[in-house]
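This is upload-v6.pdb. It holds PDB, C-alpha atoms, pLDDT in the B column.
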MODEL        1
ATOM      1  CA  MET C 149      11.706   8.744  18.149  1.00 47.00           C
ATOM      2  CA  THR C 150       8.906   7.376  20.321  1.00 50.00           C
ATOM      3  CA  LEU C 151       5.995   9.683  20.964  1.00 50.00           C
ATOM      4  CA  ARG C 152       4.556   9.545  24.466  1.00 51.00           C
ATOM      5  CA  VAL C 153       1.083  10.994  24.746  1.00 47.00           C
ATOM      6  CA  PRO C 154      -0.747  10.718  28.080  1.00 53.00           C
ATOM      7  CA  ASP C 155      -4.266   9.280  27.831  1.00 60.00           C
ATOM      8  CA  VAL C 156      -3.843   8.477  24.127  1.00 63.00           C
ATOM      9  CA  PRO C 157      -2.438   4.986  23.484  1.00 66.00           C
ATOM     10  CA  THR C 158       0.560   4.888  21.152  1.00 72.00           C
ATOM     11  CA  SER C 159      -1.283   2.274  19.105  1.00 75.00           C
ATOM     12  CA  GLU C 160      -4.128   4.734  18.533  1.00 75.00           C
ATOM     13  CA  ILE C 161      -1.717   7.440  17.328  1.00 77.00           C
ATOM     14  CA  GLY C 162      -0.139   4.924  14.969  1.00 81.00           C
ATOM     15  CA  ARG C 163      -3.562   3.931  13.656  1.00 83.00           C
ATOM     16  CA  VAL C 164      -4.507   7.535  12.928  1.00 81.00           C
ATOM     17  CA  PHE C 165      -1.177   8.151  11.194  1.00 85.00           C
ATOM     18  CA  ARG C 166      -1.468   5.010   9.028  1.00 87.00           C
ATOM     19  CA  GLU C 167      -5.068   5.712   8.082  1.00 86.00           C
ATOM     20  CA  GLU C 168      -4.686   9.407   7.279  1.00 88.00           C
ATOM     21  CA  TYR C 169      -1.119   9.859   5.994  1.00 93.00           C
ATOM     22  CA  GLY C 170      -1.624   8.629   2.429  1.00 94.00           C
ATOM     23  CA  ARG C 171      -4.839  10.546   1.908  1.00 93.00           C
ATOM     24  CA  ALA C 172      -3.340  13.780   3.269  1.00 94.00           C
ATOM     25  CA  VAL C 173      -0.213  13.442   1.122  1.00 96.00           C
ATOM     26  CA  ALA C 174      -2.318  12.752  -1.978  1.00 96.00           C
ATOM     27  CA  VAL C 175      -4.387  15.894  -1.432  1.00 96.00           C
ATOM     28  CA  LEU C 176      -1.299  18.042  -0.927  1.00 96.00           C
ATOM     29  CA  VAL C 177       0.465  16.586  -3.959  1.00 97.00           C
ATOM     30  CA  ARG C 178      -2.502  17.734  -6.021  1.00 97.00           C
ATOM     31  CA  VAL C 179      -2.320  21.187  -4.405  1.00 95.00           C
ATOM     32  CA  PHE C 180       1.467  21.697  -4.515  1.00 94.00           C
ATOM     33  CA  GLY C 181       2.437  19.378  -7.352  1.00 97.00           C
ATOM     34  CA  ASP C 182       5.431  18.162  -5.324  1.00 97.00           C
ATOM     35  CA  ILE C 183       5.499  14.961  -3.265  1.00 96.00           C
ATOM     36  CA  ASP C 184       8.448  16.065  -1.119  1.00 96.00           C
ATOM     37  CA  ILE C 185       6.658  19.244  -0.027  1.00 96.00           C
ATOM     38  CA  ALA C 186       3.447  17.286   0.562  1.00 96.00           C
ATOM     39  CA  GLU C 187       5.129  14.635   2.716  1.00 95.00           C
ATOM     40  CA  GLU C 188       7.001  17.235   4.762  1.00 95.00           C
ATOM     41  CA  ALA C 189       3.831  19.263   5.342  1.00 95.00           C
ATOM     42  CA  VAL C 190       1.891  16.185   6.507  1.00 94.00           C
ATOM     43  CA  GLN C 191       4.712  15.138   8.836  1.00 92.00           C
ATOM     44  CA  ASP C 192       4.884  18.644  10.316  1.00 93.00           C
ATOM     45  CA  ALA C 193       1.102  18.751  10.752  1.00 91.00           C
ATOM     46  CA  PHE C 194       1.051  15.327  12.404  1.00 89.00           C
ATOM     47  CA  THR C 195       3.833  16.363  14.802  1.00 89.00           C
ATOM     48  CA  THR C 196       1.854  19.450  15.797  1.00 90.00           C
ATOM     49  CA  ALA C 197      -1.325  17.405  16.202  1.00 85.00           C
ATOM     50  CA  VAL C 198       0.364  14.880  18.479  1.00 83.00           C
ATOM     51  CA  GLN C 199       1.678  17.698  20.665  1.00 83.00           C
ATOM     52  CA  ARG C 200      -1.859  19.088  20.999  1.00 83.00           C
ATOM     53  CA  TRP C 201      -3.281  15.644  21.702  1.00 77.00           C
ATOM     54  CA  ARG C 202      -1.127  15.520  24.844  1.00 72.00           C
ATOM     55  CA  SER C 203      -3.530  17.884  26.531  1.00 75.00           C
ATOM     56  CA  SER C 204      -6.776  17.333  24.647  1.00 76.00           C
ATOM     57  CA  GLY C 205      -6.738  13.703  23.488  1.00 73.00           C
ATOM     58  CA  LEU C 206      -7.639  12.566  19.981  1.00 71.00           C
ATOM     59  CA  PRO C 207     -10.233  14.793  18.311  1.00 71.00           C
ATOM     60  CA  ALA C 208     -13.775  13.518  18.007  1.00 69.00           C
ATOM     61  CA  SER C 209     -13.668  13.723  14.224  1.00 63.00           C
ATOM     62  CA  ARG C 210     -15.670  11.424  12.021  1.00 52.00           C
ATOM     63  CA  PHE C 211     -12.566  11.145   9.828  1.00 53.00           C
ATOM     64  CA  LEU C 212     -10.370   9.895  12.675  1.00 49.00           C
ATOM     65  CA  MET C 213     -12.721   7.446  14.333  1.00 46.00           C
ATOM     66  CA  SER C 214     -13.106   3.794  13.319  1.00 45.00           C
TER      67      SER C 214
ENDMDL
END
How would this structure read if it were set down as structure tokens?
Amino acid sequence: MTLRVPDVPTSEIGRVFREEYGRAVAVLVRVFGDIDIAEEAVQDAFTTAVQRWRSSGLPASRFLMS
């Protein structure tokens, strides 16, 4: 599935996903104690974020900016 987000380059979405996915999964594994639940939660959260970015663009977060 290719995500199309107006005003946010696909390469930028990919960068955010690559940079944040591992860290988010690691935190949730510590919380839930289950890697499958952690990975699914991060994927669901990322999907929701990308949908929101369609209208608002990438957030101006110090964690998401290079």
How many Å lie between atom CA of C:Pro207 and atom CA of C:Arg166, rounded to one decimal?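 Pair atom CA of C:Pro207 / atom CA of C:Arg166 returns 16.1 Å.
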Length of the atom CA of C:Asp192 to atom CA of C:Glu160 vector [Å]: 18.5 Å
Separation of atom CA of C:Thr196 from atom CA of C:Gly162 in Å: 14.7 Å
So which residues get picked by the PyMOL selection byres ((chain C and resi 186) around 12) here, written as a VMD selection string? chain C and resid 169 to 185 187 to 193
